[in-house]
$ cat my_file-v1.cif   # mmCIF, C-alpha atoms
data_final
#
loop_
_atom_site.label_atom_id
_atom_site.label_comp_id
_atom_site.auth_asym_id
_atom_site.auth_seq_id
_atom_site.Cartn_x
_atom_site.Cartn_y
_atom_site.Cartn_z
CA MET A 1 -43.30 -90.80 4.32
CA GLU A 2 -40.45 -88.29 4.15
CA LYS A 3 -38.95 -90.24 1.26
CA VAL A 4 -42.26 -89.91 -0.60
CA PHE A 5 -42.35 -86.18 0.05
CA GLU A 6 -38.73 -85.82 -1.07
CA LYS A 7 -39.79 -87.07 -4.52
CA PHE A 8 -41.80 -83.86 -4.91
CA LEU A 9 -38.78 -81.82 -3.84
CA GLU A 10 -36.28 -83.20 -6.29
CA LYS A 11 -36.84 -80.24 -8.62
CA VAL A 12 -37.79 -77.73 -5.92
CA ILE A 13 -34.57 -75.74 -5.37
CA THR A 14 -35.42 -72.08 -4.93
CA LYS A 15 -38.05 -70.21 -2.96
CA GLU A 16 -39.98 -69.55 -6.19
CA ASP A 17 -40.13 -73.32 -6.87
CA PHE A 18 -41.33 -73.82 -3.32
CA ILE A 19 -44.11 -71.23 -3.61
CA LEU A 20 -45.21 -72.76 -6.90
CA LEU A 21 -45.39 -76.19 -5.30
CA LEU A 22 -47.54 -74.83 -2.48
CA GLU A 23 -49.85 -73.17 -4.98
CA GLU A 24 -50.17 -76.46 -6.90
CA ILE A 25 -51.05 -78.33 -3.73
CA ASN A 26 -53.67 -75.72 -2.91
CA SER A 27 -55.10 -76.11 -6.45
CA LEU A 28 -55.11 -79.85 -6.16
CA GLU A 29 -56.96 -79.79 -2.86
CA ARG A 30 -59.93 -78.14 -4.54
CA PHE A 31 -60.40 -81.34 -6.67
CA ILE A 32 -60.08 -83.92 -3.87
CA PHE A 33 -63.76 -83.96 -3.01
CA LYS A 34 -65.00 -83.58 -6.62
CA GLU A 35 -65.80 -86.60 -8.85
CA THR A 36 -64.45 -88.96 -6.25
CA LYS A 37 -64.66 -91.97 -8.60
CA LYS A 38 -61.98 -90.45 -10.82
CA PRO A 39 -58.31 -90.66 -9.88
CA LEU A 40 -56.89 -87.43 -8.58
CA SER A 41 -54.20 -87.32 -11.28
CA GLU A 42 -56.93 -87.24 -13.91
CA LYS A 43 -58.95 -84.58 -12.18
CA ILE A 44 -56.01 -82.17 -12.01
CA LYS A 45 -54.94 -82.61 -15.61
CA GLY A 46 -54.22 -79.17 -17.05
CA GLU A 47 -54.55 -77.53 -13.66
CA VAL A 48 -50.97 -78.21 -12.44
CA ARG A 49 -47.57 -78.79 -14.03
CA GLU A 50 -47.33 -82.13 -15.79
CA GLU A 51 -44.22 -82.97 -13.87
CA PHE A 52 -46.13 -82.56 -10.59
CA ARG A 53 -49.10 -84.48 -11.93
CA ASN A 54 -46.82 -87.39 -13.02
CA ILE A 55 -45.47 -87.73 -9.48
CA ILE A 56 -49.05 -87.99 -8.14
CA GLU A 57 -49.99 -90.54 -10.81
CA LYS A 58 -46.94 -92.61 -9.90
CA LEU A 59 -47.88 -92.45 -6.19
CA GLU A 60 -51.45 -93.52 -7.10
CA LYS A 61 -50.09 -96.54 -8.89
CA GLU A 62 -47.94 -97.33 -5.89
CA LYS A 63 -51.11 -97.03 -3.80
CA ILE A 64 -49.43 -94.38 -1.68
CA ILE A 65 -52.20 -92.07 -2.70
CA THR A 66 -55.54 -93.98 -2.65
CA ARG A 67 -58.96 -93.11 -4.11
CA SER A 68 -60.23 -92.05 -0.73
CA PRO A 69 -60.66 -88.31 -0.67
CA ASP A 70 -60.02 -88.25 3.06
CA GLN A 71 -56.80 -90.12 2.66
CA GLN A 72 -55.77 -87.78 -0.15
CA PHE A 73 -56.60 -84.73 1.94
CA SER A 74 -54.68 -86.14 4.89
CA PHE A 75 -51.69 -86.95 2.65
CA PHE A 76 -51.43 -83.42 1.26
CA ASP A 77 -52.11 -81.85 4.65
CA ASN A 78 -49.13 -83.74 6.05
CA PHE A 79 -47.11 -82.81 2.99
CA LYS A 80 -47.79 -79.12 3.62
CA LYS A 81 -46.74 -79.50 7.25
CA TYR A 82 -43.54 -81.16 6.08
CA LEU A 83 -42.88 -78.37 3.59
CA LYS A 84 -43.32 -75.74 6.28
CA ASN A 85 -40.54 -77.32 8.30
CA ILE A 86 -37.98 -77.24 5.47
CA PRO A 87 -35.31 -74.58 6.32
CA GLN A 88 -34.45 -71.72 3.99
CA LEU A 89 -30.92 -70.75 3.06
CA LYS A 90 -30.60 -67.07 2.06
CA LEU A 91 -27.93 -66.81 -0.58
CA GLU A 92 -26.81 -63.48 -2.12
CA ILE A 93 -24.44 -63.93 -5.06
CA ALA A 94 -22.89 -61.69 -7.77
CA PHE A 95 -23.92 -63.65 -10.87
CA LEU A 96 -27.01 -65.27 -12.40
CA PRO A 97 -26.56 -68.96 -11.59
CA SER A 98 -27.52 -71.95 -13.73
CA GLU A 99 -30.09 -74.46 -12.46
CA GLU A 100 -27.35 -77.08 -12.34
CA PHE A 101 -25.25 -74.94 -10.05
CA LEU A 102 -28.20 -74.33 -7.75
CA LEU A 103 -28.88 -78.02 -7.68
CA ASP A 104 -25.22 -78.58 -6.80
CA VAL A 105 -25.61 -76.13 -3.91
CA LYS A 106 -28.77 -77.90 -2.73
CA ASN A 107 -27.13 -81.30 -2.94
CA TRP A 108 -24.06 -80.05 -1.13
CA PHE A 109 -26.29 -78.80 1.69
CA LYS A 110 -28.23 -82.09 1.79
CA LYS A 111 -24.97 -84.00 1.93
CA GLU A 112 -23.46 -81.74 4.63
CA LYS A 113 -26.55 -81.27 6.81
CA ASN A 114 -28.54 -84.38 5.79
CA LYS A 115 -31.74 -82.43 5.18
CA GLU A 116 -33.70 -80.63 2.49
CA VAL A 117 -33.20 -76.91 1.95
CA ILE A 118 -34.91 -74.14 0.00
CA LEU A 119 -32.61 -71.53 -1.53
CA ASP A 120 -33.78 -67.90 -1.13
CA LEU A 121 -31.63 -66.47 -3.89
CA THR A 122 -30.68 -62.82 -4.57
CA VAL A 123 -28.39 -61.65 -7.38
CA ASN A 124 -26.27 -58.59 -6.48
CA PRO A 125 -23.34 -57.77 -8.83
CA LYS A 126 -21.93 -55.37 -6.20
CA LEU A 127 -20.64 -58.38 -4.30
CA VAL A 128 -18.11 -58.84 -7.16
CA ALA A 129 -17.93 -62.55 -6.34
CA GLY A 130 -18.43 -64.93 -3.42
CA ALA A 131 -21.64 -64.92 -1.38
CA ILE A 132 -23.51 -63.55 1.61
CA ILE A 133 -25.06 -66.41 3.52
CA GLU A 134 -27.88 -66.27 6.09
CA TYR A 135 -29.22 -69.38 7.77
CA GLU A 136 -31.54 -69.72 10.77
CA GLY A 137 -30.67 -66.24 12.06
CA ARG A 138 -26.90 -66.53 11.46
CA TYR A 139 -25.13 -64.33 8.90
CA GLY A 140 -21.81 -64.36 7.05
CA ASN A 141 -20.43 -62.07 4.34
CA PHE A 142 -17.99 -64.05 2.17
CA SER A 143 -18.02 -61.71 -0.81
CA ILE A 144 -14.97 -60.41 -2.68
CA ALA A 145 -16.41 -56.85 -2.33
CA LYS A 146 -16.05 -57.13 1.45
CA LYS A 147 -12.46 -58.30 1.08
CA ILE A 148 -11.70 -55.32 -1.21
CA ASP A 149 -13.38 -52.92 1.30
CA GLU A 150 -11.33 -54.39 4.13
CA LEU A 151 -8.18 -54.07 2.08
CA PHE A 152 -8.82 -50.39 1.34
CA SER A 153 -9.98 -49.62 4.87
CA ASN A 154 -6.59 -50.84 6.08
CA TYR A 155 -4.95 -48.43 3.66
CA GLU A 156 -7.29 -45.60 4.78
CA LYS A 157 -6.09 -46.04 8.36
CA PHE A 158 -2.58 -45.12 7.26
CA MET B 1 -37.46 96.96 45.42
CA ASN B 2 -36.71 100.35 47.03
CA VAL B 3 -40.39 101.20 47.05
CA GLN B 4 -41.21 98.12 48.96
CA ILE B 5 -38.57 98.91 51.62
CA PHE B 6 -39.85 102.49 51.92
CA PHE B 7 -43.40 101.20 52.36
CA ILE B 8 -42.40 98.81 55.06
CA ILE B 9 -40.41 101.53 56.92
CA SER B 10 -43.43 103.94 56.79
CA VAL B 11 -45.71 101.33 58.23
CA ILE B 12 -43.24 100.63 61.02
CA LEU B 13 -42.94 104.40 61.84
CA GLY B 14 -46.75 104.73 61.94
CA ILE B 15 -46.99 101.86 64.37
CA LEU B 16 -44.23 103.40 66.57
CA ALA B 17 -46.07 106.78 66.64
CA THR B 18 -49.30 105.09 67.65
CA ILE B 19 -47.49 103.28 70.47
CA LEU B 20 -45.96 106.56 71.71
CA ILE B 21 -49.35 108.25 71.72
CA PHE B 22 -50.83 105.41 73.58
CA LEU B 23 -48.06 105.56 76.20
CA PHE B 24 -48.51 109.33 76.56
CA CYS B 25 -52.26 108.91 77.16
CA LEU B 26 -51.58 106.20 79.69
CA ASP B 27 -49.19 108.53 81.59
CA ILE B 28 -51.80 111.28 81.64
CA TYR B 29 -54.40 108.89 82.93
CA TYR B 30 -52.22 107.79 85.88
CA SER B 31 -51.25 111.42 86.68
CA LYS B 32 -54.88 112.45 86.87
CA LYS B 33 -55.65 109.54 89.10
CA LYS B 34 -52.82 110.62 91.43
CA ILE B 35 -54.09 114.20 91.53
CA LYS B 36 -57.57 113.10 92.45
CA LYS B 37 -56.09 111.16 95.26
CA GLU B 38 -54.07 114.21 96.44
CA GLU B 39 -57.17 116.42 96.24
CA LYS B 40 -58.97 114.12 98.48
CA GLU B 41 -56.00 114.24 100.84
CA GLY B 42 -54.96 117.95 100.30
CA GLY B 43 -58.15 120.02 100.42
CA ALA B 44 -59.43 122.96 98.47
CA ALA B 45 -56.01 124.41 97.63
CA LEU B 46 -55.54 121.90 95.27
CA LYS B 47 -58.73 122.52 93.39
CA LEU B 48 -56.97 125.08 91.33
CA VAL B 49 -54.14 122.83 90.66
CA GLN B 50 -56.70 120.30 89.70
CA ARG B 51 -57.81 122.40 86.82
CA ILE B 52 -54.36 122.44 85.28
CA PRO B 53 -54.38 118.72 84.36
CA GLN B 54 -57.85 119.15 83.00
CA GLU B 55 -56.65 122.02 80.91
CA LEU B 56 -53.52 120.12 80.06
CA GLU B 57 -55.58 117.13 79.21
CA LYS B 58 -57.71 119.24 77.02
CA ILE B 59 -54.68 120.79 75.37
CA ILE B 60 -53.01 117.41 75.06
CA LYS B 61 -56.19 115.97 73.63
CA GLN B 62 -56.31 118.77 71.17
CA GLU B 63 -52.59 118.37 70.42
CA VAL B 64 -52.88 114.61 70.18
CA ALA B 65 -55.93 114.88 67.95
CA LYS B 66 -54.07 117.43 65.90
CA THR B 67 -50.93 115.27 65.80
CA ILE B 68 -52.95 112.21 65.00
CA LEU B 69 -54.69 114.06 62.28
CA GLU B 70 -51.43 115.41 60.96
CA GLU B 71 -49.84 112.04 61.27
CA ASN B 72 -52.84 110.44 59.65
CA GLN B 73 -52.66 112.90 56.89
CA LYS B 74 -48.94 112.29 56.58
CA ILE B 75 -49.50 108.61 56.62
CA LYS B 76 -52.32 108.96 54.17
CA LYS B 77 -50.15 111.17 52.02
CA THR B 78 -47.25 108.82 52.30
CA ALA B 79 -49.54 105.96 51.64
CA GLU B 80 -50.98 107.71 48.65
CA GLU B 81 -47.49 108.54 47.45
CA LEU B 82 -46.54 105.01 48.07
CA ILE B 83 -49.64 103.80 46.29
CA ASN B 84 -48.93 106.08 43.40
CA LEU B 85 -45.36 105.02 43.35
CA TYR B 86 -46.44 101.52 43.61
CA LYS B 87 -49.01 102.04 40.87
CA LYS B 88 -46.33 103.70 38.78
CA GLU B 89 -43.99 100.96 39.56
CA LEU B 90 -46.71 98.45 38.84
CA ALA B 91 -47.46 100.19 35.58
CA ASN B 92 -43.83 99.79 34.67
CA PHE B 93 -43.77 96.36 36.16
CA PRO B 94 -44.97 94.36 33.06
CA SER B 95 -42.40 95.99 30.89
CA LEU B 96 -39.86 95.41 33.61
CA ILE B 97 -41.06 91.92 33.99
CA LYS B 98 -41.03 91.57 30.28
CA GLU B 99 -37.56 93.00 30.20
CA GLU B 100 -36.62 90.84 33.10
CA LEU B 101 -38.31 87.93 31.52
CA TYR B 102 -36.66 88.76 28.26
CA GLN B 103 -33.38 88.99 30.03
CA VAL B 104 -34.21 85.91 31.96
CA SER B 105 -35.36 84.29 28.74
CA ASN B 106 -32.17 85.38 27.07
CA ILE B 107 -30.25 84.17 30.00
CA GLN B 108 -32.35 81.06 30.01
CA THR B 109 -31.83 80.57 26.31
CA GLU B 110 -28.16 81.18 26.73
CA VAL B 111 -28.09 79.01 29.76
CA LYS B 112 -30.26 76.56 28.00
CA GLU B 113 -28.08 76.63 24.95
CA LYS B 114 -25.07 76.48 27.15
CA LEU B 115 -26.67 73.73 29.13
CA PHE B 116 -27.72 71.98 25.98
CA LYS B 117 -24.28 72.38 24.65
CA GLU B 118 -22.84 71.24 27.91
CA VAL B 119 -25.29 68.41 28.08
CA GLU B 120 -24.73 67.58 24.46
CA ASN B 121 -21.02 67.76 24.98
CA THR B 122 -21.32 65.75 28.12
CA ILE B 123 -23.63 63.27 26.44
CA SER B 124 -21.42 63.23 23.41
CA ASN B 125 -18.36 62.77 25.56
CA PHE B 126 -20.22 60.29 27.66
CA GLU B 127 -21.40 58.50 24.54
CA LYS B 128 -17.93 58.60 23.19
CA GLU B 129 -16.63 57.29 26.48
CA ILE B 130 -19.35 54.66 26.55
CA LYS B 131 -18.65 53.82 22.95
CA LYS B 132 -14.98 53.63 23.70
CA GLU B 133 -15.72 51.60 26.79
CA VAL B 134 -18.13 49.41 24.89
CA GLU B 135 -15.59 49.00 22.14
CA ARG B 136 -12.93 48.29 24.72
CA ILE B 137 -15.26 45.85 26.52
CA SER B 138 -16.30 44.40 23.20
CA GLN B 139 -12.67 44.07 22.20
CA ILE B 140 -11.86 42.56 25.56
CA ASN B 141 -14.94 40.40 25.26
CA ASN B 142 -13.96 39.35 21.75
CA GLU B 143 -10.43 38.73 22.83
CA THR B 144 -11.67 36.87 25.87
CA ARG B 145 -14.14 34.97 23.78
CA GLU B 146 -11.59 34.13 21.16
CA LEU B 147 -9.16 33.21 23.85
CA THR B 148 -11.79 31.13 25.60
CA ILE B 149 -12.85 29.53 22.32
CA LYS B 150 -9.24 28.92 21.43
CA GLU B 151 -8.53 27.48 24.84
CA THR B 152 -11.73 25.44 24.79
CA ARG B 153 -10.97 24.27 21.27
CA ASP B 154 -7.41 23.46 22.25
CA SER B 155 -8.67 21.70 25.34
CA ILE B 156 -11.29 19.77 23.32
CA ASP B 157 -8.73 19.00 20.62
CA ARG B 158 -6.31 17.84 23.24
CA TYR B 159 -8.99 15.80 24.97
CA ILE B 160 -10.23 14.31 21.67
CA LYS B 161 -6.67 13.57 20.63
CA GLU B 162 -5.95 11.92 23.95
CA GLN B 163 -9.22 10.00 23.82
CA LEU B 164 -8.66 9.04 20.21
CA ALA B 165 -5.12 8.00 20.97
CA GLN B 166 -6.39 5.95 23.90
CA MET B 167 -9.22 4.55 21.81
CA LEU B 168 -6.88 3.78 18.95
CA GLN B 169 -4.52 2.13 21.37
CA ASP B 170 -7.36 0.12 22.90
CA VAL B 171 -8.87 -0.70 19.51
CA SER B 172 -5.46 -1.56 18.15
CA LYS B 173 -4.78 -3.79 21.14
CA THR B 174 -8.22 -5.39 20.99
CA SER B 175 -8.02 -5.69 17.21
CA LYS B 176 -4.61 -7.29 17.44
CA GLU B 177 -5.90 -9.73 20.02
CA ILE B 178 -9.00 -10.47 17.96
CA ILE B 179 -6.98 -10.72 14.78
CA ASN B 180 -4.46 -13.02 16.47
CA GLN B 181 -7.27 -15.12 17.89
CA ASN B 182 -8.96 -15.17 14.50
CA ILE B 183 -5.69 -16.04 12.79
CA VAL B 184 -5.14 -18.91 15.21
CA ARG B 185 -8.75 -20.01 14.82
CA THR B 186 -8.61 -19.61 11.05
CA GLU B 187 -5.34 -21.52 10.89
CA GLU B 188 -6.91 -24.26 12.96
CA ASN B 189 -9.99 -24.18 10.76
CA ILE B 190 -7.82 -24.28 7.64
CA LYS B 191 -5.84 -27.18 9.07
CA ASN B 192 -9.03 -28.98 10.04
CA TYR B 193 -10.52 -28.13 6.67
CA GLU B 194 -7.38 -29.38 4.93
CA LYS B 195 -7.50 -32.53 7.00
CA GLU B 196 -11.18 -32.98 6.30
CA LYS B 197 -10.70 -32.26 2.62
CA LEU B 198 -7.70 -34.57 2.42
CA LYS B 199 -9.67 -37.23 4.22
CA GLU B 200 -12.56 -36.66 1.86
CA ILE B 201 -10.24 -36.77 -1.14
CA ASP B 202 -8.60 -39.92 0.23
CA ARG B 203 -12.00 -41.39 0.84
CA LYS B 204 -13.10 -40.50 -2.68
CA ILE B 205 -9.87 -41.86 -4.14
CA TYR B 206 -10.31 -45.06 -2.17
CA GLU B 207 -13.95 -45.19 -3.25
CA ILE B 208 -12.88 -44.76 -6.89
CA LEU B 209 -10.11 -47.32 -6.46
CA LYS B 210 -12.50 -49.70 -4.75
CA THR B 211 -15.09 -49.25 -7.47
CA VAL B 212 -12.46 -49.69 -10.18
CA ALA B 213 -10.99 -52.71 -8.38
CA LYS B 214 -14.43 -54.28 -7.91
CA GLN B 215 -15.39 -53.64 -11.52
CA THR B 216 -12.04 -54.94 -12.81
CA ILE B 217 -12.10 -58.03 -10.63
CA GLY B 218 -15.78 -58.63 -11.39
CA LYS B 219 -15.05 -58.53 -15.10
CA THR B 220 -12.06 -60.84 -14.85
CA ILE B 221 -13.93 -63.53 -12.89
CA ASN B 222 -15.67 -66.09 -15.10
CA LEU B 223 -18.74 -68.19 -14.31
CA SER B 224 -16.92 -71.28 -13.04
CA GLU B 225 -14.77 -69.06 -10.80
CA HIS B 226 -17.96 -67.43 -9.48
CA GLU B 227 -19.42 -70.87 -8.76
CA GLN B 228 -16.21 -71.97 -7.12
CA LEU B 229 -16.10 -68.86 -4.92
CA VAL B 230 -19.74 -69.48 -3.84
CA MET B 231 -18.88 -73.04 -2.91
CA GLU B 232 -15.87 -71.80 -0.98
CA ALA B 233 -18.14 -69.34 0.81
CA LEU B 234 -20.48 -72.20 1.80
CA GLU B 235 -17.50 -74.17 3.11
CA LYS B 236 -16.37 -71.15 5.15
CA ALA B 237 -19.89 -70.66 6.49
CA LYS B 238 -19.95 -74.28 7.57
CA LYS B 239 -16.57 -73.83 9.30
CA GLU B 240 -17.83 -70.70 11.05
CA ASN B 241 -20.96 -72.58 12.19
CA ILE B 242 -23.26 -70.34 10.21
CA LEU B 243 -24.60 -73.45 8.50
#

$ encode --input "my_file-v1.cif" --output "structure tokens"
Amino acid sequence: MEKVFEKFLEKVITKEDFILLLEEINSLERFIFKETKKPLSEKIKGEVREEFRNIIEKLEKEKIITRSPDQQFSFFDNFKKYLKNIPQLKLEIAFLPSEEFLLDVKNWFKKEKNKEVILDLTVNPKLVAGAIIEYEGRYGNFSIAKKIDELFSNYEKF
Amino acid sequence: MNVQIFFIISVILGILATILIFLFCLDIYYSKKKIKKEEKEGGAALKLVQRIPQELEKIIKQEVAKTILEENQKIKKTAEELINLYKKELANFPSLIKEELYQVSNIQTEVKEKLFKEVENTISNFEKEIKKEVERISQINNETRELTIKETRDSIDRYIKEQLAQMLQDVSKTSKEIINQNIVRTEENIKNYEKEKLKEIDRKIYEILKTVAKQTIGKTINLSEHEQLVMEALEKAKKENIL
């Protein structure tokens, strides 16, 4: 089932993407028990992003998501539980990154740690370059600003 | 004055005559008593003899009465003369008194004037003496006062000078100590201030340099270098077990 859920997460990189996905699931759940004869993908047309709706339609065709409202509800309930367990990587950087770069970061993490990650991104030009990284309670400042401060603090000692 | 003496002498003579008469009568009385006694003892021969004292007594009585009368007359006369003299004298007495009084008054006036003069002179002399004495005392007093004032002033001046000198010495000493302490403290404060200011300036310089360095480096780094540095940071985080 994780592989199915990962399909939804292919374009979910940042925390904003993640919140949007949760909102779309919550919107979708309101239609599960309405007009049960209609496929879910049809019922949510115009209510969610088309990209999200296409993934659901594809899963309906693959019979992963059935017509049963209970099964649908159970599927999305499990999906939400899965989403809640995805770790967040706090990343503070000095520039406004491209989506490709963020995807590269996400893929690097997936490759290194073999699991999904949500990037909680902050842009702070004062870092000059590099990044401040915080993950599961651990913290590391790898910014160029810190290196410059250290350099000058050594001079200040003299 | 003479009249008074004469009067007193006459009175005394009168009294003496009366005493003599009295003594004579007393003698006759005792003689008669003796004869009576002898008659009793002597008999009839004596009766004749006895008549003699009676006759004598009679004669004596007559003589005494005559003498007394004469004496009384004399005394009376003398008294009258004396009274007249006295009256005469008394008649003259006011004028005499007046004269005396006048003389006395003159004397008194003279004496008075003399006395006044004497008194005035004495008072004047006394006043002069007192004045002189007062002046002398006043002078002495002034001199003493001036001397005392001078001495007191000198003493106070000396005391004030000594005190002032002592105070100045103390103040000078204390001031020097305080000034030295303040100088040391101020020097320390200046040094600390200089250090603090230099540190602050250094800090500001470093802050400026840091800011300039960060801005310069930030501007020189391009997007791919940024991305590369982020990836390097992730690698480091992995190595440091942050990821």

$ resolve_selection --input "my_file-v1.cif" --expression "the PyMOL selection byres ((chain A) within 9 of (chain B))" --output "compact mmCIF listing (two decimals) with C-alpha atoms, in the coordinates of the input"
# COMPACT_ATOMS: atom_id res chain seq x y z
CA LEU A 89 -30.92 -70.75 3.06
CA ILE A 93 -24.44 -63.93 -5.06
CA ALA A 94 -22.89 -61.69 -7.77
CA PHE A 95 -23.92 -63.65 -10.87
CA LEU A 96 -27.01 -65.27 -12.40
CA PRO A 97 -26.56 -68.96 -11.59
CA PHE A 101 -25.25 -74.94 -10.05
CA VAL A 105 -25.61 -76.13 -3.91
CA TRP A 108 -24.06 -80.05 -1.13
CA PHE A 109 -26.29 -78.80 1.69
CA GLU A 112 -23.46 -81.74 4.63
CA LYS A 113 -26.55 -81.27 6.81
CA PRO A 125 -23.34 -57.77 -8.83
CA LYS A 126 -21.93 -55.37 -6.20
CA LEU A 127 -20.64 -58.38 -4.30
CA VAL A 128 -18.11 -58.84 -7.16
CA ALA A 129 -17.93 -62.55 -6.34
CA GLY A 130 -18.43 -64.93 -3.42
CA ALA A 131 -21.64 -64.92 -1.38
CA ILE A 132 -23.51 -63.55 1.61
CA ILE A 133 -25.06 -66.41 3.52
CA GLU A 134 -27.88 -66.27 6.09
CA TYR A 135 -29.22 -69.38 7.77
CA GLU A 136 -31.54 -69.72 10.77
CA GLY A 137 -30.67 -66.24 12.06
CA ARG A 138 -26.90 -66.53 11.46
CA TYR A 139 -25.13 -64.33 8.90
CA GLY A 140 -21.81 -64.36 7.05
CA ASN A 141 -20.43 -62.07 4.34
CA PHE A 142 -17.99 -64.05 2.17
CA SER A 143 -18.02 -61.71 -0.81
CA ILE A 144 -14.97 -60.41 -2.68
CA ALA A 145 -16.41 -56.85 -2.33
CA ILE A 148 -11.70 -55.32 -1.21
CA ASP A 149 -13.38 -52.92 1.30
CA PHE A 152 -8.82 -50.39 1.34
CA SER A 153 -9.98 -49.62 4.87
CA TYR A 155 -4.95 -48.43 3.66
CA GLU A 156 -7.29 -45.60 4.78

$ closest_residue --input "my_file-v1.cif" --among "B:Ser172, B:Thr18, B:Thr144, B:Asn180" --to "Ile68 in chain B" --atoms "only C-alpha atoms"
B:Thr18

$ resolve_selection --input "my_file-v1.cif" --expression "the PyMOL selection byres ((chain A and resi 103) around 12)" --output "list in words"
Leu9, Glu10, Lys11, Val12, Ile13, Thr14, Pro97, Ser98, Glu99, Glu100, Phe101, Leu102, Asp104, Val105, Lys106, Asn107, Trp108, Phe109, Lys110, Lys111, Glu116, Val117, Ile118 and Leu119 of chain A; Glu227 of chain B

$ write_last_selection --input "my_file-v1.cif" --atoms "C-alpha atoms" --output "short mmCIF file (atom, residue, chain, number, x, y, z; two decimals), in the coordinates of the input"
data_model
loop_
_atom_site.label_atom_id
_atom_site.label_comp_id
_atom_site.auth_asym_id
_atom_site.auth_seq_id
_atom_site.Cartn_x
_atom_site.Cartn_y
_atom_site.Cartn_z
CA LEU A 9 -38.78 -81.82 -3.84
CA GLU A 10 -36.28 -83.20 -6.29
CA LYS A 11 -36.84 -80.24 -8.62
CA VAL A 12 -37.79 -77.73 -5.92
CA ILE A 13 -34.57 -75.74 -5.37
CA THR A 14 -35.42 -72.08 -4.93
CA PRO A 97 -26.56 -68.96 -11.59
CA SER A 98 -27.52 -71.95 -13.73
CA GLU A 99 -30.09 -74.46 -12.46
CA GLU A 100 -27.35 -77.08 -12.34
CA PHE A 101 -25.25 -74.94 -10.05
CA LEU A 102 -28.20 -74.33 -7.75
CA ASP A 104 -25.22 -78.58 -6.80
CA VAL A 105 -25.61 -76.13 -3.91
CA LYS A 106 -28.77 -77.90 -2.73
CA ASN A 107 -27.13 -81.30 -2.94
CA TRP A 108 -24.06 -80.05 -1.13
CA PHE A 109 -26.29 -78.80 1.69
CA LYS A 110 -28.23 -82.09 1.79
CA LYS A 111 -24.97 -84.00 1.93
CA GLU A 116 -33.70 -80.63 2.49
CA VAL A 117 -33.20 -76.91 1.95
CA ILE A 118 -34.91 -74.14 0.00
CA LEU A 119 -32.61 -71.53 -1.53
CA GLU B 227 -19.42 -70.87 -8.76
#

$ atom_distance --input "my_file-v1.cif" --atom1 "CA of Ser68 in chain A" --atom2 "CA of Thr36 in chain A"
7.6 Å

$ atom_distance --input "my_file-v1.cif" --atom1 "CA of Ile64 in chain A" --atom2 "CA of Ser41 in chain A"
12.8 Å

$ resolve_selection --input "my_file-v1.cif" --expression "the PyMOL selection byres ((chain A and resi 33) around 10)" --output "list in words"
Glu29, Arg30, Phe31, Ile32, Lys34, Glu35, Thr36, Lys37, Leu40, Ser68, Pro69, Asp70, Gln72 and Phe73 of chain A

$ write_last_selection --input "my_file-v1.cif" --atoms "C-alpha atoms" --output "mmCIF file, in the frame of the given file"
data_model
loop_
_atom_site.group_PDB
_atom_site.id
_atom_site.type_symbol
_atom_site.label_atom_id
_atom_site.label_comp_id
_atom_site.auth_asym_id
_atom_site.auth_seq_id
_atom_site.Cartn_x
_atom_site.Cartn_y
_atom_site.Cartn_z
ATOM 1 C CA GLU A 29 -56.960 -79.790 -2.860
ATOM 2 C CA ARG A 30 -59.930 -78.140 -4.540
ATOM 3 C CA PHE A 31 -60.400 -81.340 -6.670
ATOM 4 C CA ILE A 32 -60.080 -83.920 -3.870
ATOM 5 C CA LYS A 34 -65.000 -83.580 -6.620
ATOM 6 C CA GLU A 35 -65.800 -86.600 -8.850
ATOM 7 C CA THR A 36 -64.450 -88.960 -6.250
ATOM 8 C CA LYS A 37 -64.660 -91.970 -8.600
ATOM 9 C CA LEU A 40 -56.890 -87.430 -8.580
ATOM 10 C CA SER A 68 -60.230 -92.050 -0.730
ATOM 11 C CA PRO A 69 -60.660 -88.310 -0.670
ATOM 12 C CA ASP A 70 -60.020 -88.250 3.060
ATOM 13 C CA GLN A 72 -55.770 -87.780 -0.150
ATOM 14 C CA PHE A 73 -56.600 -84.730 1.940
#

$ residues_around --input "my_file-v1.cif" --residues "Ala79 in chain B" --least-positions-apart "2" --cutoff "12 Å" --atoms "all atoms listed in the file" --output "number ranges by chain"
B: 3-4, 6-11, 14, 71-77, 81-87

$ atom_distance --input "my_file-v1.cif" --atom1 "CA of Ile19 in chain A" --atom2 "CA of Pro39 in chain A"
24.9 Å

$ closest_residue --input "my_file-v1.cif" --among "A:Leu91, A:Val4, A:Ile86, A:Val123" --to "Lys58 in chain A" --atoms "all atoms listed in the file"
A:Val4

$ residues_around --input "my_file-v1.cif" --residues "Lys61 in chain B" --least-positions-apart "4" --cutoff "12 Å" --atoms "all atoms listed in the file" --output "list in words"
Ile21, Phe22, Phe24, Cys25, Ile28, Tyr29, Pro53, Gln54, Glu55, Leu56, Glu57, Ala65, Lys66, Thr67, Ile68 and Leu69 of chain B
